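Novice: Sharing coords_22.cif below, mmCIF, C-alpha atoms:
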```
data_protein
#
loop_
_atom_site.label_atom_id
_atom_site.label_comp_id
_atom_site.auth_asym_id
_atom_site.auth_seq_id
_atom_site.Cartn_x
_atom_site.Cartn_y
_atom_site.Cartn_z
CA MET N 22 -181.58 65.85 82.64
CA ASP N 23 -182.05 63.39 79.78
CA LYS N 24 -184.07 60.42 81.06
CA SER N 25 -181.50 58.08 79.49
CA LYS N 26 -179.13 59.32 82.21
CA ARG N 27 -181.32 58.14 85.08
CA VAL N 28 -181.77 54.67 86.55
CA PHE N 29 -184.14 53.66 89.35
CA LEU N 30 -183.11 50.51 91.24
CA PHE N 31 -185.54 48.55 93.40
CA ASP N 32 -185.48 45.62 95.75
CA LEU N 33 -188.71 43.60 95.53
CA ASP N 34 -190.00 42.13 98.82
CA GLY N 35 -190.73 44.82 101.38
CA THR N 36 -189.91 47.55 98.86
CA LEU N 37 -192.09 47.35 95.74
CA THR N 38 -194.36 44.66 97.19
CA GLU N 39 -195.03 43.29 100.61
CA ALA N 40 -193.04 40.13 101.28
CA ARG N 41 -194.01 37.34 98.85
CA ARG N 42 -197.22 39.12 97.83
CA ALA N 43 -198.47 40.53 94.56
CA ALA N 44 -197.90 44.22 93.91
CA SER N 45 -200.72 46.50 94.94
CA SER N 46 -202.84 48.18 92.27
CA SER N 47 -200.93 51.43 92.88
CA VAL N 48 -197.53 50.11 91.77
CA GLY N 49 -198.20 49.86 88.03
CA PRO N 50 -199.30 53.48 87.48
CA VAL N 51 -196.42 54.84 89.58
CA LEU N 52 -193.82 52.81 87.68
CA ARG N 53 -195.44 53.87 84.40
CA ASP N 54 -194.92 57.52 85.32
CA LEU N 55 -191.41 56.79 86.60
CA SER N 56 -190.45 55.06 83.33
CA LYS N 57 -190.95 58.40 81.57
CA LEU N 58 -188.08 59.77 83.66
CA GLY N 59 -185.54 56.94 83.43
CA ARG N 60 -185.04 53.22 83.17
CA ILE N 61 -186.07 50.76 85.89
CA VAL N 62 -183.99 47.91 87.33
CA ILE N 63 -185.36 45.39 89.83
CA VAL N 64 -182.67 43.52 91.78
CA THR N 65 -183.80 40.88 94.26
CA GLY N 66 -182.56 37.80 96.05
CA SER N 67 -185.50 35.82 94.67
CA ASP N 68 -185.42 34.05 91.33
CA TYR N 69 -187.30 35.14 88.21
CA ASP N 70 -190.44 33.09 88.93
CA PHE N 71 -191.11 35.07 92.09
CA ILE N 72 -190.65 38.39 90.27
CA GLU N 73 -193.12 37.31 87.62
CA GLU N 74 -195.60 36.05 90.20
CA GLN N 75 -195.51 39.28 92.20
CA LEU N 76 -195.33 41.81 89.35
CA LYS N 77 -197.41 40.22 86.59
CA ASN N 78 -200.18 42.78 87.13
CA VAL N 79 -197.66 45.62 86.64
CA TRP N 80 -196.36 44.88 83.13
CA CYS N 81 -199.51 46.13 81.39
CA TYR N 82 -198.69 49.64 82.66
CA VAL N 83 -194.94 49.84 82.05
CA PRO N 84 -192.95 49.88 78.77
CA CYS N 85 -191.11 46.64 79.48
CA ASN N 86 -188.22 47.57 77.17
CA LEU N 87 -187.30 50.13 79.86
CA VAL N 88 -187.18 47.47 82.59
CA THR N 89 -184.30 45.15 83.49
CA LEU N 90 -184.85 42.27 85.92
CA MET N 91 -181.87 41.08 87.97
CA PRO N 92 -182.88 38.17 90.21
CA CYS N 93 -180.61 36.17 92.52
CA ASN N 94 -178.75 39.27 93.79
CA GLY N 95 -178.10 40.49 90.26
CA THR N 96 -176.29 37.35 89.12
CA LYS N 97 -179.00 36.81 86.50
CA LYS N 98 -180.19 39.38 84.01
CA TYR N 99 -183.48 39.40 82.09
CA VAL N 100 -184.37 41.90 79.37
CA TRP N 101 -187.52 42.36 77.31
CA LYS N 102 -187.48 40.65 73.94
CA ARG N 103 -190.07 41.77 71.43
CA ALA N 104 -191.75 39.17 69.25
CA SER N 105 -194.89 39.28 67.16
CA PHE N 106 -196.88 36.90 69.35
CA ASN N 107 -194.65 36.11 72.32
CA SER N 108 -192.90 39.18 73.74
CA ARG N 109 -191.38 38.38 77.14
CA PHE N 110 -188.46 38.79 79.50
CA GLU N 111 -185.58 36.50 78.52
CA LEU N 112 -182.47 35.46 80.42
CA VAL N 113 -179.35 37.00 78.84
CA GLU N 114 -176.74 36.57 81.61
CA SER N 115 -176.19 34.08 84.43
CA MET N 116 -173.44 33.14 86.90
CA SER N 117 -172.86 29.71 88.52
CA MET N 118 -172.19 29.35 92.23
CA LYS N 119 -171.30 25.67 91.91
CA ASP N 120 -168.60 26.47 89.36
CA HIS N 121 -167.25 29.26 91.55
CA VAL N 122 -166.95 27.41 94.88
CA GLY N 123 -166.39 23.88 93.49
CA LEU N 124 -168.65 20.87 93.89
CA ASP N 125 -166.92 19.44 96.97
CA LYS N 126 -167.34 22.62 98.99
CA TYR N 127 -170.83 23.13 97.62
CA ARG N 128 -171.81 19.65 98.87
CA LYS N 129 -170.34 20.43 102.30
CA LEU N 130 -172.38 23.62 102.44
CA ILE N 131 -175.65 21.92 101.43
CA THR N 132 -175.05 19.09 103.94
CA TYR N 133 -174.43 21.62 106.71
CA ILE N 134 -177.64 23.52 105.87
CA ALA N 135 -179.65 20.27 105.80
CA LYS N 136 -178.37 19.33 109.27
CA ARG N 137 -179.22 22.77 110.65
CA GLN N 138 -182.70 22.49 109.10
CA VAL N 139 -183.31 19.20 110.92
CA LYS N 140 -182.03 20.79 114.14
CA PHE N 141 -184.51 23.65 113.69
CA LEU N 142 -187.43 21.23 113.31
CA GLU N 143 -186.33 19.14 116.29
CA LYS N 144 -185.65 22.04 118.66
CA TYR N 145 -188.61 24.34 118.01
CA ASN N 146 -192.29 23.48 118.14
CA VAL N 147 -193.14 24.79 114.68
CA SER N 148 -193.41 21.62 112.58
CA GLU N 149 -197.13 22.05 111.96
CA HIS N 150 -196.44 25.42 110.33
CA VAL N 151 -193.61 24.53 107.95
CA SER N 152 -194.03 23.97 104.22
CA GLY N 153 -191.83 22.64 101.43
CA ARG N 154 -188.83 24.16 99.61
CA PHE N 155 -186.58 24.72 102.60
CA VAL N 156 -183.53 25.07 100.35
CA SER N 157 -183.57 26.62 96.88
CA TYR N 158 -180.51 26.57 94.63
CA ARG N 159 -180.89 29.48 92.21
CA GLY N 160 -177.85 28.91 90.07
CA SER N 161 -175.85 31.69 91.63
CA MET N 162 -176.93 31.50 95.25
CA ILE N 163 -178.65 29.33 97.88
CA ASN N 164 -181.73 30.50 99.71
CA TRP N 165 -182.46 28.68 102.97
CA SER N 166 -185.91 29.19 104.44
CA PRO N 167 -186.35 27.23 107.72
CA MET N 168 -190.17 27.52 107.51
CA GLY N 169 -190.25 26.78 103.78
CA ARG N 170 -190.75 29.07 100.79
CA ASP N 171 -194.34 27.87 100.24
CA GLY N 172 -195.67 28.94 103.63
CA SER N 173 -198.76 31.09 104.10
CA PRO N 174 -198.51 34.67 105.37
CA ALA N 175 -199.69 33.43 108.78
CA ASP N 176 -196.91 30.82 108.87
CA ARG N 177 -194.37 33.47 107.91
CA ASP N 178 -195.61 35.69 110.75
CA ILE N 179 -195.07 32.85 113.22
CA PHE N 180 -191.44 32.56 112.14
CA ILE N 181 -190.91 36.33 112.21
CA SER N 182 -192.17 36.41 115.79
CA HIS N 183 -189.98 33.45 116.71
CA ASP N 184 -186.94 35.04 115.10
CA SER N 185 -187.58 38.33 116.89
CA ASN N 186 -187.98 36.64 120.28
CA CYS N 187 -184.90 34.42 120.21
CA SER N 188 -182.62 35.94 117.51
CA TYR N 189 -182.70 32.63 115.65
CA ARG N 190 -181.30 33.92 112.35
CA LYS N 191 -178.63 36.04 114.02
CA ASN N 192 -177.37 32.96 115.89
CA GLU N 193 -177.50 30.75 112.79
CA ILE N 194 -175.53 33.31 110.79
CA SER N 195 -172.87 33.32 113.50
CA LYS N 196 -172.64 29.51 113.42
CA MET N 197 -172.51 29.35 109.62
CA LYS N 198 -169.77 31.97 109.45
CA LYS N 199 -167.62 29.74 111.68
CA PHE N 200 -168.37 26.73 109.46
CA ILE N 201 -167.55 28.68 106.30
CA THR N 202 -164.25 29.93 107.73
CA LYS N 203 -163.23 26.50 109.02
CA ASN N 204 -163.91 24.87 105.64
CA GLU N 205 -162.48 27.76 103.59
CA ILE N 206 -165.63 28.16 101.48
CA ASP N 207 -165.67 31.45 99.55
CA VAL N 208 -169.25 32.45 100.39
CA LYS N 209 -171.13 34.98 102.45
CA ILE N 210 -174.42 34.63 104.34
CA SER N 211 -176.96 37.41 104.87
CA TYR N 212 -180.57 37.84 105.89
CA GLY N 213 -182.89 37.04 102.98
CA GLY N 214 -185.98 39.15 103.52
CA ASP N 215 -187.96 38.46 106.71
CA THR N 216 -187.73 34.68 106.94
CA SER N 217 -184.73 33.24 105.15
CA PHE N 218 -180.98 33.30 104.54
CA ASP N 219 -179.12 34.07 101.31
CA ILE N 220 -175.78 32.30 100.80
CA PHE N 221 -173.66 33.40 97.86
CA PRO N 222 -170.00 33.79 96.80
CA ASN N 223 -168.16 36.77 98.25
CA GLY N 224 -168.73 39.81 96.05
CA TRP N 225 -171.91 38.37 94.53
CA ASP N 226 -174.18 40.77 96.38
CA LYS N 227 -176.64 43.23 94.83
CA THR N 228 -173.86 45.63 93.83
CA LEU N 229 -173.61 43.39 90.73
CA ALA N 230 -176.64 45.31 89.45
CA LEU N 231 -174.41 48.38 89.16
CA LYS N 232 -171.91 46.86 86.72
CA ASP N 233 -173.77 48.08 83.63
CA ILE N 234 -174.51 51.55 85.01
CA THR N 235 -172.16 54.28 83.81
CA ASN N 236 -172.64 58.05 83.75
CA GLU N 237 -176.18 57.75 85.10
CA SER N 238 -177.83 59.26 88.15
CA ILE N 239 -178.93 56.42 90.46
CA TRP N 240 -181.86 56.13 92.86
CA PHE N 241 -182.02 52.94 94.99
CA PHE N 242 -184.82 51.66 97.22
CA GLY N 243 -184.50 48.75 99.65
CA ASP N 244 -185.90 47.55 102.97
CA ARG N 245 -182.90 45.53 104.21
CA CYS N 246 -180.22 48.22 104.19
CA MET N 247 -178.85 47.56 107.68
CA PRO N 248 -175.58 45.62 108.18
CA GLY N 249 -176.31 41.95 107.50
CA GLY N 250 -179.28 42.75 105.27
CA ASN N 251 -179.13 41.80 101.60
CA ASP N 252 -179.61 45.45 100.51
CA PHE N 253 -176.78 46.79 102.67
CA GLU N 254 -173.91 46.62 100.17
CA ILE N 255 -175.77 48.22 97.27
CA TYR N 256 -177.31 50.84 99.57
CA GLU N 257 -173.84 51.89 100.72
CA LYS N 258 -172.35 51.69 97.20
CA VAL N 259 -175.02 53.89 95.63
CA LYS N 260 -174.35 56.57 98.26
CA GLU N 261 -170.61 56.22 97.65
CA LEU N 262 -171.23 56.82 93.94
CA GLY N 263 -173.16 59.99 94.71
CA GLY N 264 -176.59 58.52 94.09
CA SER N 265 -179.72 58.63 96.24
CA ALA N 266 -180.42 55.61 98.46
CA PHE N 267 -183.61 55.11 100.45
CA HIS N 268 -184.08 52.66 103.33
CA VAL N 269 -187.83 52.08 103.30
CA GLY N 270 -190.12 50.31 105.71
CA SER N 271 -192.87 49.26 103.30
CA SER N 272 -194.05 49.39 99.71
CA GLU N 273 -196.37 52.23 100.69
CA GLU N 274 -193.39 54.31 101.79
CA THR N 275 -191.61 53.54 98.50
CA LEU N 276 -194.61 54.72 96.47
CA SER N 277 -194.90 57.87 98.55
CA ILE N 278 -191.23 58.77 97.95
CA LEU N 279 -191.59 57.96 94.24
CA SER N 280 -194.58 60.28 93.93
CA ASP N 281 -192.46 63.12 95.27
CA ILE N 282 -189.55 62.25 92.92
CA ILE N 283 -191.89 62.15 89.90
CA LYS N 284 -193.26 65.59 90.76
CA GLU N 285 -189.75 66.95 91.23
CA LEU N 286 -188.28 65.53 88.00
CA ALA N 287 -191.25 65.79 85.65
#
```
Please render this file's structure as structure tokens.
Specialist:
Amino acid sequence: MDKSKRVFLFDLDGTLTEARRAASSSVGPVLRDLSKLGRIVIVTGSDYDFIEEQLKNVWCYVPCNLVTLMPCNGTKKYVWKRASFNSRFELVESMSMKDHVGLDKYRKLITYIAKRQVKFLEKYNVSEHVSGRFVSYRGSMINWSPMGRDGSPADRDIFISHDSNCSYRKNEISKMKKFITKNEIDVKISYGGDTSFDIFPNGWDKTLALKDITNESIWFFGDRCMPGGNDFEIYEKVKELGGSAFHVGSSEETLSILSDIIKELA
């Protein structure tokens, strides 16, 4: 098959990298070999700055013109722009959540999240472990991280343990769904990685990354492919389209599967 007819889609945290960490030294060479077989698309709930932070050691291996970056659940699109002294990924498409839901309902949503954040800090003895950036507006979605986006890996582990022990995020999602329904706000909430929530307009999930894919064989890799996870919709859609979808447990598992695919397709 012509490599122009193949596309490899990846989530970032927990799939190509460990959560909020830089890619391992193995990722670059594997993606380099994969780029010889098709184009690469990275679709993540995080914004562009996190992609750049986590994958900056990968770009020296990969022909960046064969890579498309789709942060914020695919509501933003970055492509490689060549220039004599300043080649880089540039934003070419973006969608606005505020415009979609309206400012009044957006304010209600932010106010609700802020109140629930205060409740979290008051109810649970974790204040000494939290960091800043509890709420991030990414243009097309809201990410709410009760422990803060700037926390250390150890702080993240404390929240993961807390969440596992008392189903904190599951209960918060249930409460927010009731609030959303009562106030007729056209948004959906899902798990954002291991420690946060993603809130975005209905239909603005990662399946948006498929809108430019036609007549291509698709391979998708994600770690949150269960119902409620932010890879679930695209995982199911790729299978529906006849593509291959992999629910992975780590970046090491992703690289292992990719090694087999490269041997098979080369």
Novice: Which one of N:Asn107, N:Ser173, N:Asn223, N:Ser272 sits closest to Val208 in chain N if you count all atoms listed in the file?
Specialist: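 When distances to Val208 in chain N are compared using all atoms listed in the file, the smallest one comes from N:Asn223.
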Novice: Hey, what comes out of the PyMOL selection byres ((chain N and resi 255) around 9) on this file? Could you write it as a list of chain:residue names?
Specialist: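 What the PyMOL selection byres ((chain N and resi 255) around 9) grabs from the file is N:Asp226, N:Lys227, N:Thr228, N:Leu229, N:Ala230, N:Leu231, N:Phe241, N:Cys246, N:Asn251, N:Asp252, N:Phe253, N:Glu254, N:Tyr256, N:Glu257, N:Lys258, N:Val259, N:Lys260, N:Ala266.
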Novice: With the file shown as input, list the residues that the PyMOL selection byres ((chain N and resi 148) around 12) selects, as a VMD selection string.
Specialist: chain N and resid 138 to 147 149 to 153 167 to 169 172 176 179 to 180
Novice: Would you compute the distance between CA of Thr38 in chain N and CA of Leu76 in chain N? Give it in Å to one decimal.
Specialist: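 Straight-line distance from CA of Thr38 in chain N to CA of Leu76 in chain N works out to 8.4 Å.
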Novice: Name the residues in contact with range 52-57 of chain N at a cut-off of 7 Å, using all atoms listed in the file, excluding same-chain residues fewer than 5 positions from it; report them as a list in words.
Specialist: Tyr82, Val83, Leu87 and Ile283 of chain N
Novice: N:Leu37, N:Ile220, N:Val64, N:Ile206: which is nearest Gly270 in chain N, counting all atoms listed in the file?
Specialist: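 Residue with the minimum atom-to-atom distance to Gly270 in chain N: N:Leu37.
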Novice: If you measure from CA of Phe221 in chain N to CA of Glu114 in chain N, what distance in Å do you get, rounded to one decimal?
Specialist: 16.8 Å
Novice: In Å, rounded to a single decimal, give me how far CA of Ala44 in chain N is from CA of Lys77 in chain N.
Specialist: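 These atoms are spaced 8.4 Å apart.
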Novice: Find, counting all atoms listed in the file, the residue in N:Lys129, N:Arg42, N:Arg159, N:Arg103 that gets nearest to Met116 in chain N.
Specialist: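 Counting all atoms listed in the file, the residue closest to Met116 in chain N is N:Arg159.
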Novice: Suppose a student applies the PyMOL selection byres ((chain N and resi 93) around 8) to this structure; what residues should they get, written as a PyMOL selection string?
Specialist: chain N and resi 64-68+91-92+94-97+159+161-162
Novice: With all atoms listed in the file as the atoms that count, which of N:Ser195, N:Asn164, N:Thr89, N:Ser117 lies nearest to Leu30 in chain N?
Specialist: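 The answer is N:Thr89, which sits nearest to Leu30 in chain N.
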Novice: What would the list of residues within 8 Å of (-182.4, 57.6, 98.0) (file frame) look like as a ChimeraX atom specification, if only C-alpha atoms are what count?
Specialist: /N:240-242,264-268
Novice: Out of N:Ala175, N:Tyr127, N:Asp215, N:Asn204, which residue has the shortest atom-to-atom distance to Arg190 in chain N when counting all atoms listed in the file?
Specialist: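 Using all atoms listed in the file, Arg190 in chain N sits closest to N:Asp215.
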Novice: Would you please work out which residue, of N:Lys199, N:Lys284, N:Asp207, N:Glu73, is nearest to Gly123 in chain N when using only C-alpha atoms?
Specialist: N:Asp207
Novice: Can you pull out every residue within 10 Å of Asn78 in chain N, counting all atoms listed in the file, but drop anything in the same chain fewer than 3 positions away, and send it as a ChimeraX atom specification?
Specialist: /N:43-46,48-49,73-75,81-82
